[in-house]
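query.json (JSON, C-alpha atoms) appears below.
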```json
[["chain", "number", "residue", "atom", "x", "y", "z"],
["A", 1, "MET", "CA", 97.30, 54.61, 45.17],
["A", 2, "ARG", "CA", 96.37, 57.11, 47.85],
["A", 3, "ALA", "CA", 93.00, 56.89, 49.51],
["A", 4, "ALA", "CA", 91.37, 59.27, 51.97],
["A", 5, "ILE", "CA", 88.61, 57.97, 54.23],
["A", 6, "ILE", "CA", 86.25, 60.62, 55.53],
["A", 7, "VAL", "CA", 85.27, 60.38, 59.19],
["A", 8, "PHE", "CA", 82.09, 62.09, 60.39],
["A", 9, "PRO", "CA", 80.75, 62.02, 63.94],
["A", 10, "GLY", "CA", 78.75, 58.78, 63.81],
["A", 11, "SER", "CA", 80.73, 57.06, 61.04],
["A", 12, "ASN", "CA", 81.24, 53.44, 62.08],
["A", 13, "CYS", "CA", 82.58, 51.62, 59.01],
["A", 14, "ASP", "CA", 85.59, 53.91, 58.54],
["A", 15, "ARG", "CA", 88.09, 51.49, 60.04],
["A", 16, "ASP", "CA", 86.63, 48.52, 58.13],
["A", 17, "MET", "CA", 87.09, 50.56, 54.95],
["A", 18, "ALA", "CA", 90.69, 51.33, 55.94],
["A", 19, "VAL", "CA", 91.43, 47.64, 56.52],
["A", 20, "ALA", "CA", 89.93, 46.68, 53.15],
["A", 21, "LEU", "CA", 91.81, 49.38, 51.24],
["A", 22, "LYS", "CA", 95.12, 48.68, 53.00],
["A", 23, "ALA", "CA", 94.75, 44.96, 52.31],
["A", 24, "ALA", "CA", 94.33, 45.80, 48.63],
["A", 25, "GLY", "CA", 97.55, 47.85, 48.76],
["A", 26, "ALA", "CA", 96.35, 51.44, 49.15],
["A", 27, "ASP", "CA", 98.10, 54.12, 51.16],
["A", 28, "VAL", "CA", 95.27, 55.21, 53.47],
["A", 29, "SER", "CA", 94.72, 58.36, 55.49],
["A", 30, "MET", "CA", 91.75, 59.25, 57.65],
["A", 31, "VAL", "CA", 90.27, 62.72, 57.18],
["A", 32, "TRP", "CA", 88.12, 64.39, 59.83],
["A", 33, "HIS", "CA", 84.98, 66.09, 58.50],
["A", 34, "LYS", "CA", 86.10, 69.53, 59.67],
["A", 35, "ASP", "CA", 89.13, 69.48, 57.39],
["A", 36, "ALA", "CA", 88.36, 71.65, 54.40],
["A", 37, "THR", "CA", 91.11, 70.08, 52.31],
["A", 38, "LEU", "CA", 92.08, 66.55, 51.36],
["A", 39, "PRO", "CA", 95.67, 65.28, 51.70],
["A", 40, "GLU", "CA", 97.75, 66.04, 48.62],
["A", 41, "GLY", "CA", 97.71, 63.51, 45.82],
["A", 42, "VAL", "CA", 94.60, 61.64, 46.86],
["A", 43, "ASP", "CA", 93.26, 59.37, 44.11],
["A", 44, "LEU", "CA", 90.23, 57.96, 45.91],
["A", 45, "VAL", "CA", 87.91, 59.39, 48.51],
["A", 46, "ALA", "CA", 85.96, 56.77, 50.44],
["A", 47, "VAL", "CA", 82.87, 57.87, 52.33],
["A", 48, "PRO", "CA", 82.12, 55.12, 54.84],
["A", 49, "GLY", "CA", 78.96, 53.76, 56.38],
["A", 50, "GLY", "CA", 77.53, 54.70, 59.73],
["A", 51, "PHE", "CA", 75.06, 57.20, 61.08],
["A", 52, "SER", "CA", 76.70, 60.56, 60.42],
["A", 53, "PHE", "CA", 75.26, 63.25, 62.67],
["A", 54, "GLY", "CA", 72.77, 60.74, 64.03],
["A", 55, "ASP", "CA", 70.87, 60.71, 60.72],
["A", 56, "TYR", "CA", 69.30, 64.01, 61.86],
["A", 57, "LEU", "CA", 67.05, 65.72, 59.32],
["A", 58, "ARG", "CA", 67.73, 63.07, 56.65],
["A", 59, "CYS", "CA", 70.46, 60.44, 56.36],
["A", 60, "GLY", "CA", 73.58, 62.17, 55.06],
["A", 61, "ALA", "CA", 72.01, 65.64, 54.87],
["A", 62, "ILE", "CA", 74.12, 67.29, 57.57],
["A", 63, "ALA", "CA", 77.31, 65.49, 56.53],
["A", 64, "ALA", "CA", 76.82, 66.82, 53.00],
["A", 65, "GLN", "CA", 77.19, 70.34, 54.46],
["A", 66, "SER", "CA", 80.44, 69.56, 56.33],
["A", 67, "PRO", "CA", 83.57, 71.49, 55.33],
["A", 68, "VAL", "CA", 85.12, 68.32, 53.89],
["A", 69, "SER", "CA", 82.17, 67.81, 51.55],
["A", 70, "GLN", "CA", 83.18, 70.83, 49.48],
["A", 71, "ALA", "CA", 86.62, 69.25, 49.14],
["A", 72, "ILE", "CA", 85.02, 65.96, 48.03],
["A", 73, "VAL", "CA", 82.97, 67.78, 45.39],
["A", 74, "ALA", "CA", 86.10, 69.58, 44.14],
["A", 75, "HIS", "CA", 88.00, 66.26, 44.04],
["A", 76, "VAL", "CA", 85.27, 64.63, 41.95],
["A", 77, "GLU", "CA", 84.99, 67.66, 39.67],
["A", 78, "ARG", "CA", 88.73, 67.32, 39.02],
["A", 79, "GLY", "CA", 88.08, 63.75, 37.85],
["A", 80, "GLY", "CA", 88.98, 62.03, 41.13],
["A", 81, "TYR", "CA", 87.46, 58.75, 42.20],
["A", 82, "ALA", "CA", 85.00, 58.36, 45.07],
["A", 83, "LEU", "CA", 83.32, 55.40, 46.73],
["A", 84, "GLY", "CA", 80.35, 55.87, 49.04],
["A", 85, "VAL", "CA", 79.06, 52.87, 50.94],
["A", 86, "CYS", "CA", 75.77, 52.81, 52.86],
["A", 87, "ASN", "CA", 75.66, 56.15, 54.73],
["A", 88, "GLY", "CA", 78.43, 57.22, 52.33],
["A", 89, "PHE", "CA", 76.05, 56.61, 49.41],
["A", 90, "GLN", "CA", 73.43, 58.71, 51.18],
["A", 91, "VAL", "CA", 75.99, 61.50, 51.67],
["A", 92, "LEU", "CA", 76.99, 61.41, 47.98],
["A", 93, "THR", "CA", 73.36, 61.70, 46.84],
["A", 94, "GLU", "CA", 72.83, 64.59, 49.28],
["A", 95, "THR", "CA", 75.84, 66.43, 47.85],
["A", 96, "GLY", "CA", 74.39, 65.95, 44.37],
["A", 97, "LEU", "CA", 77.41, 63.95, 43.16],
["A", 98, "LEU", "CA", 75.13, 60.99, 42.48],
["A", 99, "PRO", "CA", 71.51, 61.19, 41.28],
["A", 100, "GLY", "CA", 68.47, 59.97, 43.18],
["A", 101, "ALA", "CA", 67.82, 59.59, 46.90],
["A", 102, "LEU", "CA", 67.63, 56.88, 49.56],
["A", 103, "MET", "CA", 64.32, 56.51, 51.35],
["A", 104, "ARG", "CA", 63.11, 54.43, 54.30],
["A", 105, "ASN", "CA", 63.09, 50.68, 53.47],
["A", 106, "ALA", "CA", 59.74, 49.64, 52.01],
["A", 107, "GLY", "CA", 59.32, 47.08, 54.81],
["A", 108, "LEU", "CA", 60.16, 49.79, 57.40],
["A", 109, "LYS", "CA", 62.60, 47.50, 59.22],
["A", 110, "PHE", "CA", 66.33, 47.92, 59.67],
["A", 111, "LEU", "CA", 67.94, 45.20, 57.56],
["A", 112, "CYS", "CA", 71.13, 43.46, 58.62],
["A", 113, "LYS", "CA", 71.96, 40.41, 56.54],
["A", 114, "THR", "CA", 73.99, 39.17, 53.61],
["A", 115, "VAL", "CA", 72.36, 39.61, 50.23],
["A", 116, "GLY", "CA", 73.10, 38.46, 46.69],
["A", 117, "LEU", "CA", 73.95, 41.20, 44.21],
["A", 118, "LYS", "CA", 74.11, 40.98, 40.45],
["A", 119, "VAL", "CA", 76.98, 42.81, 38.82],
["A", 120, "ALA", "CA", 75.06, 44.93, 36.33],
["A", 121, "THR", "CA", 78.04, 46.48, 34.54],
["A", 122, "THR", "CA", 81.75, 45.75, 34.44],
["A", 123, "ALA", "CA", 82.54, 49.07, 32.77],
["A", 124, "SER", "CA", 84.00, 50.82, 35.80],
["A", 125, "ALA", "CA", 87.15, 50.61, 37.90],
["A", 126, "PHE", "CA", 84.99, 49.30, 40.75],
["A", 127, "THR", "CA", 83.38, 46.42, 38.88],
["A", 128, "GLU", "CA", 85.91, 45.43, 36.22],
["A", 129, "GLY", "CA", 87.14, 42.62, 38.48],
["A", 130, "TYR", "CA", 83.82, 40.82, 38.10],
["A", 131, "ALA", "CA", 82.02, 39.29, 35.14],
["A", 132, "LYS", "CA", 78.73, 40.82, 34.09],
["A", 133, "GLY", "CA", 75.87, 38.88, 35.67],
["A", 134, "ASP", "CA", 78.06, 37.49, 38.46],
["A", 135, "VAL", "CA", 76.16, 37.14, 41.71],
["A", 136, "VAL", "CA", 78.25, 38.29, 44.67],
["A", 137, "ASN", "CA", 77.37, 38.25, 48.34],
["A", 138, "TYR", "CA", 77.79, 41.43, 50.39],
["A", 139, "PRO", "CA", 76.26, 42.31, 53.75],
["A", 140, "VAL", "CA", 73.67, 45.08, 54.00],
["A", 141, "ALA", "CA", 72.94, 46.99, 57.21],
["A", 142, "HIS", "CA", 70.56, 49.88, 56.67],
["A", 143, "HIS", "CA", 67.20, 51.42, 57.47],
["A", 144, "ASP", "CA", 67.12, 53.83, 54.55],
["A", 145, "GLY", "CA", 68.36, 51.98, 51.50],
["A", 146, "ASN", "CA", 65.30, 52.26, 49.29],
["A", 147, "TYR", "CA", 66.87, 53.93, 46.27],
["A", 148, "THR", "CA", 64.58, 56.10, 44.21],
["A", 149, "ALA", "CA", 64.94, 58.36, 41.21],
["A", 150, "ASP", "CA", 62.41, 59.95, 38.90],
["A", 151, "PRO", "CA", 61.61, 58.06, 35.67],
["A", 152, "GLU", "CA", 63.76, 60.39, 33.54],
["A", 153, "THR", "CA", 66.81, 59.90, 35.79],
["A", 154, "LEU", "CA", 66.23, 56.15, 35.86],
["A", 155, "ALA", "CA", 66.08, 56.06, 32.05],
["A", 156, "VAL", "CA", 69.40, 57.95, 31.89],
["A", 157, "LEU", "CA", 71.02, 55.53, 34.40],
["A", 158, "GLN", "CA", 69.80, 52.55, 32.39],
["A", 159, "GLY", "CA", 70.64, 54.09, 29.01],
["A", 160, "GLU", "CA", 74.19, 54.99, 30.11],
["A", 161, "ASP", "CA", 74.82, 51.62, 31.79],
["A", 162, "ARG", "CA", 75.35, 53.35, 35.14],
["A", 163, "ILE", "CA", 73.64, 50.81, 37.39],
["A", 164, "ALA", "CA", 76.57, 49.00, 38.99],
["A", 165, "PHE", "CA", 74.78, 46.43, 41.14],
["A", 166, "THR", "CA", 71.21, 45.18, 41.47],
["A", 167, "TYR", "CA", 69.75, 43.01, 44.22],
["A", 168, "ALA", "CA", 69.11, 39.38, 43.28],
["A", 169, "GLN", "CA", 66.18, 39.58, 45.69],
["A", 170, "ASN", "CA", 65.21, 43.14, 46.49],
["A", 171, "PRO", "CA", 65.28, 43.60, 50.30],
["A", 172, "ASN", "CA", 64.29, 47.31, 50.53],
["A", 173, "GLY", "CA", 61.95, 48.21, 47.67],
["A", 174, "SER", "CA", 64.52, 50.15, 45.63],
["A", 175, "VAL", "CA", 63.47, 51.14, 42.13],
["A", 176, "ALA", "CA", 64.59, 48.64, 39.46],
["A", 177, "ASP", "CA", 66.27, 46.59, 42.25],
["A", 178, "ILE", "CA", 69.13, 49.10, 42.29],
["A", 179, "ALA", "CA", 71.82, 48.54, 44.92],
["A", 180, "GLY", "CA", 74.51, 50.85, 43.52],
["A", 181, "VAL", "CA", 74.93, 53.51, 40.83],
["A", 182, "LEU", "CA", 77.80, 55.22, 39.02],
["A", 183, "SER", "CA", 78.33, 58.87, 38.17],
["A", 184, "GLU", "CA", 78.33, 60.08, 34.58],
["A", 185, "ASN", "CA", 82.14, 59.76, 34.33],
["A", 186, "ARG", "CA", 81.92, 56.31, 36.04],
["A", 187, "ARG", "CA", 84.45, 57.38, 38.70],
["A", 188, "VAL", "CA", 82.00, 57.73, 41.57],
["A", 189, "LEU", "CA", 80.20, 54.68, 42.91],
["A", 190, "GLY", "CA", 77.55, 54.76, 45.60],
["A", 191, "MET", "CA", 76.11, 51.54, 46.96],
["A", 192, "MET", "CA", 74.12, 50.40, 49.99],
["A", 193, "PRO", "CA", 75.76, 46.95, 50.49],
["A", 194, "HIS", "CA", 79.16, 46.76, 52.17],
["A", 195, "PRO", "CA", 82.04, 45.42, 50.07],
["A", 196, "GLU", "CA", 84.46, 46.27, 52.91],
["A", 197, "ARG", "CA", 82.67, 43.75, 55.11],
["A", 198, "ALA", "CA", 83.37, 40.95, 52.64],
["A", 199, "VAL", "CA", 87.15, 40.94, 52.28],
["A", 200, "ASP", "CA", 88.29, 38.39, 54.85],
["A", 201, "ALA", "CA", 87.38, 34.75, 55.43],
["A", 202, "GLY", "CA", 86.46, 35.85, 58.96],
["A", 203, "HIS", "CA", 83.73, 38.02, 57.48],
["A", 204, "GLY", "CA", 82.07, 34.92, 56.07],
["A", 205, "GLY", "CA", 83.00, 35.72, 52.49],
["A", 206, "THR", "CA", 85.51, 37.56, 50.33],
["A", 207, "ASP", "CA", 83.39, 38.67, 47.37],
["A", 208, "GLY", "CA", 84.23, 42.32, 48.07],
["A", 209, "LYS", "CA", 87.96, 41.81, 47.43],
["A", 210, "ALA", "CA", 87.61, 42.05, 43.65],
["A", 211, "LEU", "CA", 86.06, 45.51, 43.96],
["A", 212, "PHE", "CA", 89.05, 46.90, 45.87],
["A", 213, "ALA", "CA", 91.56, 44.95, 43.77],
["A", 214, "GLY", "CA", 90.00, 46.29, 40.54],
["A", 215, "LEU", "CA", 90.06, 49.83, 41.87],
["A", 216, "LEU", "CA", 93.68, 49.53, 42.96],
["A", 217, "GLY", "CA", 94.65, 47.96, 39.65],
["A", 218, "GLN", "CA", 93.15, 50.73, 37.60],
["A", 219, "LEU", "CA", 94.25, 53.61, 39.80],
["A", 220, "THR", "CA", 97.79, 52.34, 40.22],
["A", 221, "ALA", "CA", 98.16, 51.88, 36.47],
["A", 222, "ALA", "CA", 96.80, 55.39, 35.81],
["B", 1, "MET", "CA", 59.68, 86.46, 63.32],
["B", 2, "LYS", "CA", 58.82, 82.83, 62.96],
["B", 3, "ALA", "CA", 58.40, 80.60, 59.98],
["B", 4, "ARG", "CA", 57.11, 77.09, 59.74],
["B", 5, "VAL", "CA", 58.36, 74.80, 56.97],
["B", 6, "HIS", "CA", 56.26, 71.80, 55.98],
["B", 7, "VAL", "CA", 58.24, 69.07, 54.22],
["B", 8, "MET", "CA", 56.36, 66.26, 52.50],
["B", 9, "LEU", "CA", 57.31, 63.47, 50.13],
["B", 10, "LYS", "CA", 56.30, 64.51, 46.63],
["B", 11, "ASN", "CA", 53.09, 63.18, 45.19],
["B", 12, "GLY", "CA", 53.83, 59.94, 43.42],
["B", 13, "VAL", "CA", 56.75, 59.04, 45.72],
["B", 14, "LEU", "CA", 55.72, 55.95, 47.65],
["B", 15, "ASP", "CA", 55.56, 56.72, 51.37],
["B", 16, "PRO", "CA", 56.09, 53.45, 53.27],
["B", 17, "GLN", "CA", 55.64, 55.12, 56.67],
["B", 18, "GLY", "CA", 52.35, 56.69, 55.61],
["B", 19, "ALA", "CA", 51.22, 53.31, 54.28],
["B", 20, "ALA", "CA", 52.06, 51.69, 57.64],
["B", 21, "VAL", "CA", 50.12, 54.37, 59.54],
["B", 22, "LYS", "CA", 47.14, 53.87, 57.22],
["B", 23, "HIS", "CA", 47.28, 50.13, 57.86],
["B", 24, "ALA", "CA", 47.43, 50.68, 61.63],
["B", 25, "LEU", "CA", 44.42, 53.02, 61.53],
["B", 26, "GLY", "CA", 42.51, 50.33, 59.64],
["B", 27, "THR", "CA", 43.53, 47.76, 62.27],
["B", 28, "LEU", "CA", 42.13, 50.08, 64.96],
["B", 29, "GLY", "CA", 38.79, 49.98, 63.20],
["B", 30, "PHE", "CA", 38.81, 53.40, 61.54],
["B", 31, "ALA", "CA", 37.05, 52.85, 58.25],
["B", 32, "GLY", "CA", 37.45, 55.10, 55.23],
["B", 33, "VAL", "CA", 41.08, 56.16, 55.65],
["B", 34, "GLU", "CA", 41.94, 56.32, 51.99],
["B", 35, "ASP", "CA", 45.50, 57.54, 52.13],
["B", 36, "VAL", "CA", 48.06, 58.72, 54.71],
["B", 37, "ARG", "CA", 51.14, 60.80, 53.93],
["B", 38, "GLN", "CA", 53.70, 61.51, 56.62],
["B", 39, "GLY", "CA", 55.96, 64.54, 56.58],
["B", 40, "LYS", "CA", 57.75, 66.86, 58.96],
["B", 41, "VAL", "CA", 57.33, 70.35, 60.31],
["B", 42, "ILE", "CA", 60.35, 72.55, 61.01],
["B", 43, "GLU", "CA", 59.90, 75.76, 62.99],
["B", 44, "LEU", "CA", 62.42, 78.54, 62.46],
["B", 45, "GLU", "CA", 63.00, 81.52, 64.74],
["B", 46, "LEU", "CA", 64.38, 84.18, 62.44],
["B", 47, "ALA", "CA", 65.73, 87.74, 62.58],
["B", 48, "GLU", "CA", 63.11, 90.29, 61.58],
["B", 49, "GLY", "CA", 63.16, 91.02, 57.90],
["B", 50, "THR", "CA", 64.37, 87.61, 56.76],
["B", 51, "THR", "CA", 62.89, 87.28, 53.30],
["B", 52, "GLU", "CA", 60.80, 84.41, 52.01],
["B", 53, "ALA", "CA", 63.41, 84.04, 49.28],
["B", 54, "THR", "CA", 66.07, 83.36, 51.94],
["B", 55, "ILE", "CA", 63.82, 80.82, 53.65],
["B", 56, "GLY", "CA", 63.23, 79.20, 50.26],
["B", 57, "GLU", "CA", 66.99, 78.93, 49.81],
["B", 58, "MET", "CA", 67.29, 77.23, 53.24],
["B", 59, "CYS", "CA", 64.70, 74.70, 52.07],
["B", 60, "GLU", "CA", 66.40, 74.06, 48.74],
["B", 61, "LYS", "CA", 69.88, 73.72, 50.24],
["B", 62, "LEU", "CA", 69.16, 71.76, 53.39],
["B", 63, "LEU", "CA", 65.69, 71.42, 54.86],
["B", 64, "ALA", "CA", 64.17, 69.45, 51.98],
["B", 65, "ASN", "CA", 65.69, 66.99, 49.54],
["B", 66, "THR", "CA", 63.91, 68.20, 46.43],
["B", 67, "VAL", "CA", 64.63, 64.94, 44.64],
["B", 68, "ILE", "CA", 61.90, 63.31, 46.72],
["B", 69, "GLU", "CA", 60.39, 66.05, 48.89],
["B", 70, "SER", "CA", 58.36, 69.18, 48.37],
["B", 71, "TYR", "CA", 58.12, 72.01, 50.91],
["B", 72, "ARG", "CA", 55.79, 74.81, 51.85],
["B", 73, "VAL", "CA", 56.80, 77.87, 53.88],
["B", 74, "GLU", "CA", 54.40, 79.53, 56.25],
["B", 75, "VAL", "CA", 55.53, 82.86, 57.72],
["B", 76, "LEU", "CA", 53.87, 83.28, 61.12]]
```

Here is a file; write its structure as structure tokens.
Amino acid sequence: MRAAIIVFPGSNCDRDMAVALKAAGADVSMVWHKDATLPEGVDLVAVPGGFSFGDYLRCGAIAAQSPVSQAIVAHVERGGYALGVCNGFQVLTETGLLPGALMRNAGLKFLCKTVGLKVATTASAFTEGYAKGDVVNYPVAHHDGNYTADPETLAVLQGEDRIAFTYAQNPNGSVADIAGVLSENRRVLGMMPHPERAVDAGHGGTDGKALFAGLLGQLTAA
Amino acid sequence: MKARVHVMLKNGVLDPQGAAVKHALGTLGFAGVEDVRQGKVIELELAEGTTEATIGEMCEKLLANTVIESYRVEVL
């Protein structure tokens, strides 16, 4: 399985993502945001966390206009997989590949802690390694993780079983406790918590491993 | 020519920063502040003849996230 990790000025979880994907067995390449094309044969695009372009204007707004973002959109439109974590989730909503938007945390504070997440669906390559209702622990580190969507969009997400993870205890005020959502074809996942920071005993937990293992399993078989 | 773009969270979208400012005004003793909404103002210096339609496109594509924000263009 070939994965491309996008690097923007201000990305800071790109190497963590590379370590997590390599540990799961992926062939990883890093792609600078000015590249207008992705390496040939890429199965998964990972958009990492960080503060792309200093969060100017809105989190992810400038990154979504980078040359590489057009290539990400084309990859997804071809049926490719994409994972956006934290700032990566913000970038994917700004490109329109995922619905909704991420607003300032309801409590206004930057949150940096480990939170419990409920696996809300197992019907995706990202979550098939878990059991529905499992509570997993991933770190969060964000200021703008308050997911919102209009009532119609929320009804669609719920009706199509596209909410991947919910917070066991909502830290940021997100609508319906949403921590991560899937695209209509279930091949794009955006989430605020960091699975790549929970793949080694040194991280304090390894609950994120099953996400990468599931992804690798499905993409390698395909 | 100049244009000023006002970007605000849409009505009905909870504005936690506005709520915090409202709370702080109350703490300072200002009574009767019923609601506070916080937004941003973006000033554009533009070539003469730039149409309002073009400015609208700038807002739709970049300056505002129309999922949560509304905008108003003022040509100066």

Mind checking which residues fall within 10 Å of Asn65 of chain B, counting all atoms listed in the file, ignoring those fewer than 6 positions away in the same chain, and posting them as a list in words?
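My list of contacting residues is Leu57, Arg58, Ala61, Thr93, Glu94, Gly100 and Ala101 of chain A; Val7, Met8, Leu9, Cys59 and Tyr71 of chain B.
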
List as a PyMOL selection string the protein and nucleic acid residues near Ser66 of chain A, meaning an atom at most 9 Å away when all atoms listed in the file are counted, but skip any in the same chain fewer than 2 places from it.
chain A and resi 8+33-36+62-64+68-70

Emit the selected residues as a PDB file, keeping the file's coordinate frame, including C-alpha atoms.
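Final output, saved to part.pdb:
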```
ATOM      1  CA  PHE A   8      82.090  62.090  60.390  1.00  0.00           C
ATOM      2  CA  HIS A  33      84.980  66.090  58.500  1.00  0.00           C
ATOM      3  CA  LYS A  34      86.100  69.530  59.670  1.00  0.00           C
ATOM      4  CA  ASP A  35      89.130  69.480  57.390  1.00  0.00           C
ATOM      5  CA  ALA A  36      88.360  71.650  54.400  1.00  0.00           C
ATOM      6  CA  ILE A  62      74.120  67.290  57.570  1.00  0.00           C
ATOM      7  CA  ALA A  63      77.310  65.490  56.530  1.00  0.00           C
ATOM      8  CA  ALA A  64      76.820  66.820  53.000  1.00  0.00           C
ATOM      9  CA  VAL A  68      85.120  68.320  53.890  1.00  0.00           C
ATOM     10  CA  SER A  69      82.170  67.810  51.550  1.00  0.00           C
ATOM     11  CA  GLN A  70      83.180  70.830  49.480  1.00  0.00           C
TER      12      GLN A  70
END
```

Contacts of Ala198 of chain A within 8 Å, all atoms listed in the file, excl. fewer than 4 positions in-chain, as a list in words:
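Neighbouring residues, sequence-local ones excluded: Asn137, Tyr138, Pro139, His194, His203, Gly204, Gly205, Thr206, Asp207, Gly208 and Lys209 of chain A.
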
Taking 2 positions as the minimum chain separation for residues in the same chain, which residues sit within 10 Å of Val7 of chain A when counting all atoms listed in the file? Answer as a list of chain:residue names.
A:Ala4, A:Ile5, A:Pro9, A:Gly10, A:Ser11, A:Asn12, A:Cys13, A:Asp14, A:Arg15, A:Met30, A:Val31, A:Trp32, A:His33, A:Lys34, A:Ala46, A:Val47, A:Pro48, A:Gly49, A:Gly50, A:Ser52, A:Ala63, A:Val68

Generate the output file for the selected residues, C-alpha atoms, as a tab-separated table (two decimals), in the coordinates of the input.
```
chain	number	residue	atom	x	y	z
A	4	ALA	CA	91.37	59.27	51.97
A	5	ILE	CA	88.61	57.97	54.23
A	9	PRO	CA	80.75	62.02	63.94
A	10	GLY	CA	78.75	58.78	63.81
A	11	SER	CA	80.73	57.06	61.04
A	12	ASN	CA	81.24	53.44	62.08
A	13	CYS	CA	82.58	51.62	59.01
A	14	ASP	CA	85.59	53.91	58.54
A	15	ARG	CA	88.09	51.49	60.04
A	30	MET	CA	91.75	59.25	57.65
A	31	VAL	CA	90.27	62.72	57.18
A	32	TRP	CA	88.12	64.39	59.83
A	33	HIS	CA	84.98	66.09	58.50
A	34	LYS	CA	86.10	69.53	59.67
A	46	ALA	CA	85.96	56.77	50.44
A	47	VAL	CA	82.87	57.87	52.33
A	48	PRO	CA	82.12	55.12	54.84
A	49	GLY	CA	78.96	53.76	56.38
A	50	GLY	CA	77.53	54.70	59.73
A	52	SER	CA	76.70	60.56	60.42
A	63	ALA	CA	77.31	65.49	56.53
A	68	VAL	CA	85.12	68.32	53.89
```

With only C-alpha atoms as the basis for distance, which of B:Glu34, B:Glu52, B:Glu74, B:Glu60 is at the shortest distance from chain A?
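Between B:Glu34, B:Glu52, B:Glu74, B:Glu60, the residue approaching chain A most closely is B:Glu60.
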